[in-house]
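Encoded as structure tokens, the structure appears first; notes follow it.
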Amino acid sequence: MTGTLRDRPPLKALTAEDVFFPGLDTGLRLVGAFDATPRAIPPLDLAVLSAASSAAHRLETRRILLRFLRHRRFATGLCFPTLLVAVDDLGLDRSLVTIGGRYLFSGAAGLRLLARLGRGPGADEDQRLARLADALAERRADNPLRLPPASDADLRRDLVIPTRNLFNFYHFTRETLPQLALVARHGLTGDIVIPSPSREVAGFVRDQVDSLFPELAPRLRFAFGPFRAEGALMPLDTTWLYYLGEHAGSAAIDGMARRGWLWPPRRLVERGVRTLLQNATEDTLPELRARMLARLAPPPARRRRIYVRRRPGRRDRAVVGEADLIAMLDGLGFETLCFEDHDVTAQAQIVSEAEVLVAPHGAGLTNMLFAREGCLVVELSTLQTAQARFGDFNALAMTAGVRHLHVFVDHDWPDPDHVPRISTDGHVGQRLAPGQIALLRSVLTAHLAPDAHAALLAELSALNAAQDFDRLGPALAAARPRLLHEPDAEVWAANCATVRQDGAAALCHLQAALRLAPGRDQLADRALRLAARRGDAAAFAEVAGLHFLHAPAKAAALFAAKGWDAVPFGGAEDDGG
């Protein structure tokens, strides 16, 4: 053997030769036929409602979403095959994988490896990572990905499944549990070993295995701390082969991407890989979903409306204002429950029966994997979560075919203008103000009664088109609780206020419209001119920030024509972060 777990290279001195390339490096053999070409699946159905009280927080949330929509969302989703490989000299330490002392990019461990490589940013560090990415690209270009076949003796080895830990419901369900499907797929007869960095094993782990893979439970064992095996079977996530070799799937990915390329193209750097991973899933995940749904009772004729709260008494990540939220949801026919009070099969059953699921950001939302296609999943979140975790649930949402709505509210933090850092402040909860709860109610009411909502909008639109503002104003006021999420309704209200010569009200409604639909250039121009005439610096700054974010050239032209020289909140949107 050429390497061991003990002499693996330090990450800060990593070179291209320290990365394991399937097809170029020895120590990995393929079980079955090689297939790394992804199949197209429906794209992610994602929407965002930025409802934070802080204008700066709303703008930054919009920046994150816009970057994803413009530069990172593909026109179709991708489902990658998962291969089974036999490896020699396998090492796992702190959820990183090595083969013969070389680091392997595969699955979630590959992303964690990239993240660790990128720690401690600086000019020198950025240059080192850029040189490494170039060197890896050169090795990739020489790799035809011809994997040698495994032997019959290889098939009798234990299956080793890397895991981040055995206590986080999201990571185990999303990354580890699906790989048990490889046992039946390949008729494996050995034990299944799941090495974990820590000794904590949550009860749901055995519960999931017993429920979904009862035939494998006697063969499953855990290992703790650094792990070493002279030989083993393990999953190989073909998503990463796009960066490690040349094969038919590479062209397929390029063709399926919205613009025909990934950003940055074919270079093994974290932001480019995240782009691919945010639009992709692995074929073991839909197999896990199908296995669970086959074990559940058929959903009732009348689907349930569910709010999932954290168990009362927990101090971490509280939802401030939750009592008012629950009261609102109760009025719409929602039931409130805690996933902690149900085993994993019961949780999946509950979610599979839902037409709408509302929950704060957390591991419990992993259960959206078992929702029925078309279910609306509303995730209550914050800017902190958007910065650190946006896209974590994409693969689950795509696999299930749900509608995923992120609603960003305030942090549970004393300073409303501060964005807590997870590394120093911890992962904080949400704070819901009455106006944010009312906005969510408007969204849910429209979703639950779409025909009535469409008829209401058509009636009001006709009054606006006829300029019948005497009737439109009272009609808007009467229906306002149902229209808080509709930008057109805010524009119509601004038109009524303009006729009344109420400039303050008109500007307030235009701002509200732009918060809901910030990409409307003419609306931004109108709001900016009105804010300038009224001398409303706060409104001007917020609208200008949105205008420069969505249409920097048009915004710059307007500012030049008017002689305005302020570009608040950092100016135009940057597509590179």
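Ligands are numbered from 1 in the order shown, residues from 1 within each chain, and chains are lettered A, B, ... in the order they appear in the structure tokens.
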Legend entry - Residues near Leu24 in chain A, cut-off 9 Å, only C-alpha atoms, skip fewer than 2 positions along chain, as number ranges by chain: A: 20-22, 26, 139, 142-147
Output C-alpha atoms of each residue in that selection to a file, as a PDB file, in the first residue's frame.
```pdb
ATOM      1  CA  PHE A  20      -7.688  10.631  -5.664  1.00  0.00           C
ATOM      2  CA  PHE A  21      -8.802  10.512  -9.297  1.00  0.00           C
ATOM      3  CA  PRO A  22     -10.958   7.453 -10.112  1.00  0.00           C
ATOM      4  CA  THR A  26      -5.065   2.642  -8.381  1.00  0.00           C
ATOM      5  CA  ARG A 139      -5.426  16.059 -14.274  1.00  0.00           C
ATOM      6  CA  ASP A 142      -6.186  13.414 -18.864  1.00  0.00           C
ATOM      7  CA  ASN A 143      -8.700  11.122 -17.138  1.00  0.00           C
ATOM      8  CA  PRO A 144     -10.991   9.037 -19.402  1.00  0.00           C
ATOM      9  CA  LEU A 145     -12.639   7.495 -16.329  1.00  0.00           C
ATOM     10  CA  ARG A 146     -12.048   3.882 -17.336  1.00  0.00           C
ATOM     11  CA  LEU A 147     -12.559   2.138 -14.009  1.00  0.00           C
TER      12      LEU A 147
END
```
Inset, instruction - Skip range 437-440 of chain A itself and residues of its chain fewer than 5 positions away, then list as an NGL selection string all residues within 9 Å of it, counting only C-alpha atoms. - result: :A and (51 or 321 or 324-325 or 328 or 407 or 432 or 445 or 481-485)
Those residues you just picked out, can you put them in a file as an mmCIF file, in the first residue's frame with C-alpha atoms?
```cif
data_model
loop_
_atom_site.group_PDB
_atom_site.id
_atom_site.type_symbol
_atom_site.label_atom_id
_atom_site.label_comp_id
_atom_site.auth_asym_id
_atom_site.auth_seq_id
_atom_site.Cartn_x
_atom_site.Cartn_y
_atom_site.Cartn_z
ATOM 1 C CA ALA A 51 -40.310 40.121 4.973
ATOM 2 C CA GLY A 321 -44.349 35.528 18.252
ATOM 3 C CA ASP A 324 -49.816 34.696 17.346
ATOM 4 C CA LEU A 325 -48.598 32.667 14.373
ATOM 5 C CA MET A 328 -53.495 32.745 12.670
ATOM 6 C CA VAL A 407 -40.175 33.358 4.087
ATOM 7 C CA LEU A 432 -42.282 37.283 13.825
ATOM 8 C CA THR A 445 -55.222 32.247 1.921
ATOM 9 C CA PRO A 481 -55.865 41.251 4.374
ATOM 10 C CA ARG A 482 -56.034 38.947 1.319
ATOM 11 C CA LEU A 483 -53.770 41.116 -0.853
ATOM 12 C CA LEU A 484 -50.711 41.854 1.281
ATOM 13 C CA HIS A 485 -48.489 39.621 -0.872
#
```
Legend entry - Per-residue DSSP, range 334-373 of chain A, filtered to alpha helix (DSSP H), as a list in words: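 Matching residues, listed in order: Val344, Thr345, Ala346, Gln347, Ala348, Gln349, Ile350, Val351 and Ser352 of chain A.
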Any chance you could export the current selection's C-alpha atoms as a CSV table (one decimal), in the first residue's frame?
```csv
chain,number,residue,atom,x,y,z
A,344,VAL,CA,-39.8,8.7,11.8
A,345,THR,CA,-42.5,6.7,10.0
A,346,ALA,CA,-45.2,8.7,11.7
A,347,GLN,CA,-43.4,11.9,10.7
A,348,ALA,CA,-43.3,10.8,7.1
A,349,GLN,CA,-47.0,9.8,7.2
A,350,ILE,CA,-48.0,13.3,8.5
A,351,VAL,CA,-46.0,15.1,5.8
A,352,SER,CA,-47.3,12.8,3.1
```
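Distances to Phe74 in chain A were evaluated for A:Ser198, A:Ser151, A:Thr275, A:Thr189 using only C-alpha atoms, and the minimum falls at A:Thr275.
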Inset, instruction - Give me the residues within 8 Å of Phe204 in chain A as a PyMOL selection string, counting only C-alpha atoms and dropping any in the same chain fewer than 3 places off. - result: chain A and resi 169+207-208+343-344
Legend entry - For Leu285 in chain A: contacts at 9 Å, only C-alpha atoms, fewer than 4 positions along chain excluded, given as JSON, numbers by chain: {"A": [174, 175, 177, 178, 179, 281, 289, 290, 369, 395, 396, 399]}
Can those selected residues be exported to a file as a PDB file, in the first residue's frame so that it contains N, CA, C and O atoms?
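Written file, result19.pdb:
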```pdb
ATOM      1  N   ARG A 174     -30.386  12.651   4.754  1.00  0.00           N
ATOM      2  CA  ARG A 174     -30.069  13.167   3.409  1.00  0.00           C
ATOM      3  C   ARG A 174     -28.838  12.491   2.808  1.00  0.00           C
ATOM      4  O   ARG A 174     -28.815  12.198   1.605  1.00  0.00           O
ATOM      5  N   GLU A 175     -27.823  12.201   3.622  1.00  0.00           N
ATOM      6  CA  GLU A 175     -26.533  11.803   3.075  1.00  0.00           C
ATOM      7  C   GLU A 175     -26.199  10.325   3.269  1.00  0.00           C
ATOM      8  O   GLU A 175     -25.540   9.731   2.404  1.00  0.00           O
ATOM      9  N   LEU A 177     -28.428   7.525   5.000  1.00  0.00           N
ATOM     10  CA  LEU A 177     -29.479   6.508   4.905  1.00  0.00           C
ATOM     11  C   LEU A 177     -29.770   6.069   3.473  1.00  0.00           C
ATOM     12  O   LEU A 177     -29.949   4.864   3.228  1.00  0.00           O
ATOM     13  N   PRO A 178     -29.821   6.979   2.481  1.00  0.00           N
ATOM     14  CA  PRO A 178     -30.151   6.535   1.117  1.00  0.00           C
ATOM     15  C   PRO A 178     -29.177   5.495   0.558  1.00  0.00           C
ATOM     16  O   PRO A 178     -29.557   4.683  -0.291  1.00  0.00           O
ATOM     17  N   GLN A 179     -27.923   5.504   1.036  1.00  0.00           N
ATOM     18  CA  GLN A 179     -26.926   4.603   0.462  1.00  0.00           C
ATOM     19  C   GLN A 179     -27.181   3.142   0.824  1.00  0.00           C
ATOM     20  O   GLN A 179     -26.614   2.228   0.200  1.00  0.00           O
ATOM     21  N   THR A 281     -29.515  15.964  -7.539  1.00  0.00           N
ATOM     22  CA  THR A 281     -29.739  14.963  -6.513  1.00  0.00           C
ATOM     23  C   THR A 281     -29.092  13.672  -6.982  1.00  0.00           C
ATOM     24  O   THR A 281     -28.611  13.592  -8.116  1.00  0.00           O
ATOM     25  N   ARG A 289     -37.159   7.750  -0.975  1.00  0.00           N
ATOM     26  CA  ARG A 289     -38.516   8.320  -0.931  1.00  0.00           C
ATOM     27  C   ARG A 289     -39.550   7.269  -1.319  1.00  0.00           C
ATOM     28  O   ARG A 289     -40.565   7.093  -0.627  1.00  0.00           O
ATOM     29  N   ALA A 290     -39.306   6.575  -2.419  1.00  0.00           N
ATOM     30  CA  ALA A 290     -40.258   5.565  -2.877  1.00  0.00           C
ATOM     31  C   ALA A 290     -40.414   4.447  -1.854  1.00  0.00           C
ATOM     32  O   ALA A 290     -41.519   3.938  -1.626  1.00  0.00           O
ATOM     33  N   LEU A 369     -38.974  15.440   1.970  1.00  0.00           N
ATOM     34  CA  LEU A 369     -38.679  14.376   1.016  1.00  0.00           C
ATOM     35  C   LEU A 369     -39.875  13.450   0.844  1.00  0.00           C
ATOM     36  O   LEU A 369     -40.046  12.846  -0.222  1.00  0.00           O
ATOM     37  N   ALA A 395     -32.195  19.568  -2.957  1.00  0.00           N
ATOM     38  CA  ALA A 395     -32.276  18.198  -3.483  1.00  0.00           C
ATOM     39  C   ALA A 395     -33.527  17.499  -2.980  1.00  0.00           C
ATOM     40  O   ALA A 395     -34.178  16.748  -3.723  1.00  0.00           O
ATOM     41  N   LEU A 396     -33.899  17.743  -1.731  1.00  0.00           N
ATOM     42  CA  LEU A 396     -35.098  17.136  -1.169  1.00  0.00           C
ATOM     43  C   LEU A 396     -36.345  17.683  -1.847  1.00  0.00           C
ATOM     44  O   LEU A 396     -37.269  16.930  -2.175  1.00  0.00           O
ATOM     45  N   THR A 399     -36.543  16.305  -5.454  1.00  0.00           N
ATOM     46  CA  THR A 399     -36.875  14.879  -5.464  1.00  0.00           C
ATOM     47  C   THR A 399     -38.358  14.668  -5.204  1.00  0.00           C
ATOM     48  O   THR A 399     -38.999  13.825  -5.850  1.00  0.00           O
TER      49      THR A 399
END
```
